Amino acid sequence: MLYSKDMKTSMNSMILQKIRKIMERKGIKQNTLAEMIGVVPQNLNAYMTGRRRFGEKKIEQIAKALDVPPESLYTIITDINPASDVQVKRIPVISWLKAGQWHEGVDVFAEGYADSWMYYDTKDMYAFALLVEENSMSPEFKAGDIIIVSPSSGYSFGDYVVARYVETVVFKQLKLIGNTVLLQSLNNQYDDIILSGVDKEELKVIGKVVAKYVKY
């Protein structure tokens, strides 16, 4: 996947902030981290001041030294009010079919339930991830991105949500226009879903989309 210069700069800044936060929490100084990953302090300082961008190998080295999964450094958080007591947790990446069947009684840790696993900073025990399969929500979310869904976060009109309407599971922006509920695509090449009257009773919001995962 290709990234623009601005996207690379933004992701590098995000990764750097996460590394600094983990170092602060664990009480690890920069010189100590340099020693842990086997480089001179000046080398690490170039990354920590933003003069050099993190590559995948360097991220894996730092993640191993800090004892965190590398994936936790790639997560781009879209929730503007993250809780202060969140912790990195292992969450399931599931199919859209299973997302449509989700409820609080589902054991997401049951063998075979998840297609794969990833890590994310969350306190929601029900959080799960989905692979975006098409471009109805581009340019903000593109096919190949992974979105983090939090069923426990609550949602408001204007939020991005995963919802079930009749037998279809969709990823849209939830809006209210008068008495009409709109499940809107960001890409105008895709249809919106307009619900009014009794049709609204067929809508079930499964969870709020709180983050997207992009591998740098």
# chains A, B, ... in the order shown; residues from 1 in each chain; ligands from 1
call {"tool": "select_by_dssp", "arguments": {"residues": "stretch 87-201 of chain A", "states": "alpha helix (DSSP H)", "output": "ChimeraX atom specification"}}
result
/A:96-101
call {"tool": "select_by_dssp", "arguments": {"residues": "chain A", "states": "strand (DSSP E)", "output": "PyMOL selection string"}}
result
chain A and resi 75-77+87-93+116-122+128-131+146-150+160-165+168-177+180-184+193-195+203-213
call {"tool": "residues_around", "arguments": {"residues": "A:Asp115", "least_positions_apart": "5", "cutoff": "9 Å", "atoms": "only C-alpha atoms", "output": "PyMOL selection string"}}
result
chain A and resi 92-95
call {"tool": "closest_residue", "arguments": {"among": "A:Trp102, A:Val205, A:Gln61, A:Lys142", "to": "A:Gly38", "atoms": "only C-alpha atoms"}}
result
A:Gln61
call {"tool": "residues_around", "arguments": {"residues": "stretch 207-209 of chain A", "least_positions_apart": "3", "cutoff": "9 Å", "atoms": "only C-alpha atoms", "output": "list in words"}}
result
Thr78, Asp79, Ala127, Ile147, Ile148, Val149, Ser150, Pro151, Ser152, Ser153, Gly154, Tyr155, Ser156, Asp159, Tyr160, Val161, Val162, Ala163, Phe171 and Lys212 of chain A
call {"tool": "write_last_selection", "arguments": {"atoms": "N, CA and C atoms", "output": "PDB file, in the first residue's frame"}}
result
ATOM      1  N   THR A  78      -9.233   7.207  16.649  1.00  0.00           N
ATOM      2  CA  THR A  78     -10.112   8.259  16.163  1.00  0.00           C
ATOM      3  C   THR A  78     -11.025   8.787  17.254  1.00  0.00           C
ATOM      4  N   ASP A  79     -11.089   8.087  18.401  1.00  0.00           N
ATOM      5  CA  ASP A  79     -11.898   8.559  19.512  1.00  0.00           C
ATOM      6  C   ASP A  79     -11.219   9.782  20.122  1.00  0.00           C
ATOM      7  N   ALA A 127     -14.950  -5.274  22.640  1.00  0.00           N
ATOM      8  CA  ALA A 127     -14.410  -4.689  21.405  1.00  0.00           C
ATOM      9  C   ALA A 127     -13.973  -5.777  20.425  1.00  0.00           C
ATOM     10  N   ILE A 147     -11.050  -1.659  11.129  1.00  0.00           N
ATOM     11  CA  ILE A 147     -11.730  -0.752  12.045  1.00  0.00           C
ATOM     12  C   ILE A 147     -11.960  -1.451  13.380  1.00  0.00           C
ATOM     13  N   ILE A 148     -11.882  -0.674  14.451  1.00  0.00           N
ATOM     14  CA  ILE A 148     -12.129  -1.182  15.790  1.00  0.00           C
ATOM     15  C   ILE A 148     -13.541  -0.774  16.193  1.00  0.00           C
ATOM     16  N   VAL A 149     -14.348  -1.741  16.586  1.00  0.00           N
ATOM     17  CA  VAL A 149     -15.747  -1.502  16.941  1.00  0.00           C
ATOM     18  C   VAL A 149     -15.925  -1.711  18.449  1.00  0.00           C
ATOM     19  N   SER A 150     -16.537  -0.719  19.094  1.00  0.00           N
ATOM     20  CA  SER A 150     -16.757  -0.797  20.547  1.00  0.00           C
ATOM     21  C   SER A 150     -18.256  -0.809  20.831  1.00  0.00           C
ATOM     22  N   PRO A 151     -18.823  -1.971  21.111  1.00  0.00           N
ATOM     23  CA  PRO A 151     -20.255  -2.043  21.421  1.00  0.00           C
ATOM     24  C   PRO A 151     -20.640  -1.336  22.715  1.00  0.00           C
ATOM     25  N   SER A 152     -19.683  -1.142  23.614  1.00  0.00           N
ATOM     26  CA  SER A 152     -19.997  -0.573  24.928  1.00  0.00           C
ATOM     27  C   SER A 152     -19.830   0.939  24.999  1.00  0.00           C
ATOM     28  N   SER A 153     -19.314   1.556  23.943  1.00  0.00           N
ATOM     29  CA  SER A 153     -18.994   2.982  24.012  1.00  0.00           C
ATOM     30  C   SER A 153     -20.213   3.890  23.961  1.00  0.00           C
ATOM     31  N   GLY A 154     -21.332   3.386  23.462  1.00  0.00           N
ATOM     32  CA  GLY A 154     -22.456   4.271  23.214  1.00  0.00           C
ATOM     33  C   GLY A 154     -22.204   5.023  21.913  1.00  0.00           C
ATOM     34  N   TYR A 155     -23.235   5.600  21.359  1.00  0.00           N
ATOM     35  CA  TYR A 155     -23.079   6.288  20.075  1.00  0.00           C
ATOM     36  C   TYR A 155     -24.046   7.454  19.999  1.00  0.00           C
ATOM     37  N   SER A 156     -23.711   8.378  19.110  1.00  0.00           N
ATOM     38  CA  SER A 156     -24.554   9.549  18.869  1.00  0.00           C
ATOM     39  C   SER A 156     -24.691   9.735  17.372  1.00  0.00           C
ATOM     40  N   ASP A 159     -21.767   9.799  14.498  1.00  0.00           N
ATOM     41  CA  ASP A 159     -20.714   8.802  14.689  1.00  0.00           C
ATOM     42  C   ASP A 159     -20.665   7.824  13.523  1.00  0.00           C
ATOM     43  N   TYR A 160     -19.499   7.218  13.342  1.00  0.00           N
ATOM     44  CA  TYR A 160     -19.357   6.087  12.431  1.00  0.00           C
ATOM     45  C   TYR A 160     -19.767   4.838  13.198  1.00  0.00           C
ATOM     46  N   VAL A 161     -20.616   4.025  12.604  1.00  0.00           N
ATOM     47  CA  VAL A 161     -21.123   2.847  13.301  1.00  0.00           C
ATOM     48  C   VAL A 161     -21.134   1.629  12.384  1.00  0.00           C
ATOM     49  N   VAL A 162     -21.111   0.459  13.016  1.00  0.00           N
ATOM     50  CA  VAL A 162     -21.430  -0.798  12.332  1.00  0.00           C
ATOM     51  C   VAL A 162     -22.835  -1.154  12.779  1.00  0.00           C
ATOM     52  N   ALA A 163     -23.716  -1.395  11.832  1.00  0.00           N
ATOM     53  CA  ALA A 163     -25.123  -1.623  12.155  1.00  0.00           C
ATOM     54  C   ALA A 163     -25.691  -2.750  11.308  1.00  0.00           C
ATOM     55  N   PHE A 171     -21.339  -0.561   7.406  1.00  0.00           N
ATOM     56  CA  PHE A 171     -20.461   0.408   8.069  1.00  0.00           C
ATOM     57  C   PHE A 171     -20.780   1.765   7.451  1.00  0.00           C
ATOM     58  N   LYS A 212      -9.195   3.177  13.611  1.00  0.00           N
ATOM     59  CA  LYS A 212      -8.835   2.384  12.455  1.00  0.00           C
ATOM     60  C   LYS A 212      -7.361   2.014  12.586  1.00  0.00           C
TER      61      LYS A 212
END
call {"tool": "closest_residue", "arguments": {"among": "A:Glu167, A:Asp199, A:Glu24, A:Glu71", "to": "A:Ala99", "atoms": "only C-alpha atoms"}}
result
A:Glu167
call {"tool": "closest_residue", "arguments": {"among": "A:Leu176, A:Met23, A:Leu182, A:Val132", "to": "A:Val68", "atoms": "only C-alpha atoms"}}
result
A:Met23
call {"tool": "residues_around", "arguments": {"residues": "A:Leu203", "least_positions_apart": "3", "cutoff": "12 Å", "atoms": "only C-alpha atoms", "output": "list in words"}}
result
Gly100, Val161, Val162, Ala163, Arg164, Tyr165, Val166, Glu167, Thr168, Val169, Val170, Leu174, Val181, Leu182, Leu183, Ile193, Ile194, Leu195, Ser196, Gly197, Val198, Asp199, Lys200 and Ile206 of chain A
call {"tool": "write_last_selection", "arguments": {"atoms": "N, CA and C atoms", "output": "mmCIF file, in the first residue's frame"}}
result
data_model
loop_
_atom_site.group_PDB
_atom_site.id
_atom_site.type_symbol
_atom_site.label_atom_id
_atom_site.label_comp_id
_atom_site.auth_asym_id
_atom_site.auth_seq_id
_atom_site.Cartn_x
_atom_site.Cartn_y
_atom_site.Cartn_z
ATOM 1 N N GLY A 100 -22.657 -9.259 12.503
ATOM 2 C CA GLY A 100 -24.112 -9.127 12.449
ATOM 3 C C GLY A 100 -24.820 -9.988 13.475
ATOM 4 N N VAL A 161 -20.616 4.025 12.604
ATOM 5 C CA VAL A 161 -21.123 2.847 13.301
ATOM 6 C C VAL A 161 -21.134 1.629 12.384
ATOM 7 N N VAL A 162 -21.111 0.459 13.016
ATOM 8 C CA VAL A 162 -21.430 -0.798 12.332
ATOM 9 C C VAL A 162 -22.835 -1.154 12.779
ATOM 10 N N ALA A 163 -23.716 -1.395 11.832
ATOM 11 C CA ALA A 163 -25.123 -1.623 12.155
ATOM 12 C C ALA A 163 -25.691 -2.750 11.308
ATOM 13 N N ARG A 164 -26.770 -3.330 11.807
ATOM 14 C CA ARG A 164 -27.501 -4.359 11.062
ATOM 15 C C ARG A 164 -28.870 -3.804 10.699
ATOM 16 N N TYR A 165 -29.176 -3.862 9.406
ATOM 17 C CA TYR A 165 -30.505 -3.464 8.947
ATOM 18 C C TYR A 165 -31.105 -4.656 8.221
ATOM 19 N N VAL A 166 -32.177 -5.196 8.789
ATOM 20 C CA VAL A 166 -32.780 -6.437 8.302
ATOM 21 C C VAL A 166 -31.694 -7.527 8.377
ATOM 22 N N GLU A 167 -31.192 -8.002 7.244
ATOM 23 C CA GLU A 167 -30.167 -9.055 7.262
ATOM 24 C C GLU A 167 -28.824 -8.548 6.753
ATOM 25 N N THR A 168 -28.687 -7.248 6.607
ATOM 26 C CA THR A 168 -27.463 -6.667 6.052
ATOM 27 C C THR A 168 -26.657 -5.966 7.137
ATOM 28 N N VAL A 169 -25.348 -6.207 7.172
ATOM 29 C CA VAL A 169 -24.456 -5.524 8.109
ATOM 30 C C VAL A 169 -23.700 -4.453 7.335
ATOM 31 N N VAL A 170 -23.736 -3.220 7.836
ATOM 32 C CA VAL A 170 -23.144 -2.104 7.112
ATOM 33 C C VAL A 170 -22.244 -1.280 8.027
ATOM 34 N N LEU A 174 -23.889 7.511 10.986
ATOM 35 C CA LEU A 174 -25.270 7.580 11.454
ATOM 36 C C LEU A 174 -25.705 9.037 11.575
ATOM 37 N N VAL A 181 -33.854 8.570 9.856
ATOM 38 C CA VAL A 181 -32.508 8.102 10.167
ATOM 39 C C VAL A 181 -31.783 7.801 8.862
ATOM 40 N N LEU A 182 -30.558 8.306 8.761
ATOM 41 C CA LEU A 182 -29.765 8.123 7.552
ATOM 42 C C LEU A 182 -28.481 7.379 7.886
ATOM 43 N N LEU A 183 -28.242 6.297 7.185
ATOM 44 C CA LEU A 183 -26.956 5.604 7.236
ATOM 45 C C LEU A 183 -26.209 6.023 5.977
ATOM 46 N N ILE A 193 -28.592 4.551 3.117
ATOM 47 C CA ILE A 193 -29.791 3.835 3.567
ATOM 48 C C ILE A 193 -30.640 4.829 4.344
ATOM 49 N N ILE A 194 -31.866 5.026 3.885
ATOM 50 C CA ILE A 194 -32.771 6.004 4.487
ATOM 51 C C ILE A 194 -33.902 5.263 5.186
ATOM 52 N N LEU A 195 -34.060 5.540 6.480
ATOM 53 C CA LEU A 195 -35.051 4.822 7.284
ATOM 54 C C LEU A 195 -36.029 5.799 7.916
ATOM 55 N N SER A 196 -37.291 5.524 7.733
ATOM 56 C CA SER A 196 -38.332 6.355 8.348
ATOM 57 C C SER A 196 -39.470 5.438 8.805
ATOM 58 N N GLY A 197 -40.293 5.943 9.701
ATOM 59 C CA GLY A 197 -41.438 5.165 10.155
ATOM 60 C C GLY A 197 -41.031 3.849 10.786
ATOM 61 N N VAL A 198 -41.762 2.795 10.459
ATOM 62 C CA VAL A 198 -41.513 1.480 11.051
ATOM 63 C C VAL A 198 -40.196 0.873 10.580
ATOM 64 N N ASP A 199 -39.636 1.379 9.472
ATOM 65 C CA ASP A 199 -38.364 0.843 8.980
ATOM 66 C C ASP A 199 -37.255 1.017 10.018
ATOM 67 N N LYS A 200 -37.355 2.061 10.832
ATOM 68 C CA LYS A 200 -36.325 2.322 11.837
ATOM 69 C C LYS A 200 -36.253 1.207 12.882
ATOM 70 N N ILE A 206 -24.742 -2.037 16.169
ATOM 71 C CA ILE A 206 -23.929 -3.026 16.864
ATOM 72 C C ILE A 206 -22.851 -2.356 17.704
#
call {"tool": "closest_residue", "arguments": {"among": "A:Leu130, A:Leu73, A:His103, A:Lys57", "to": "A:Gly144", "atoms": "only C-alpha atoms"}}
result
A:Leu130
call {"tool": "closest_residue", "arguments": {"among": "A:Val210, A:Ala65, A:Ala143, A:Val106", "to": "A:Asp124", "atoms": "only C-alpha atoms"}}
result
A:Val210
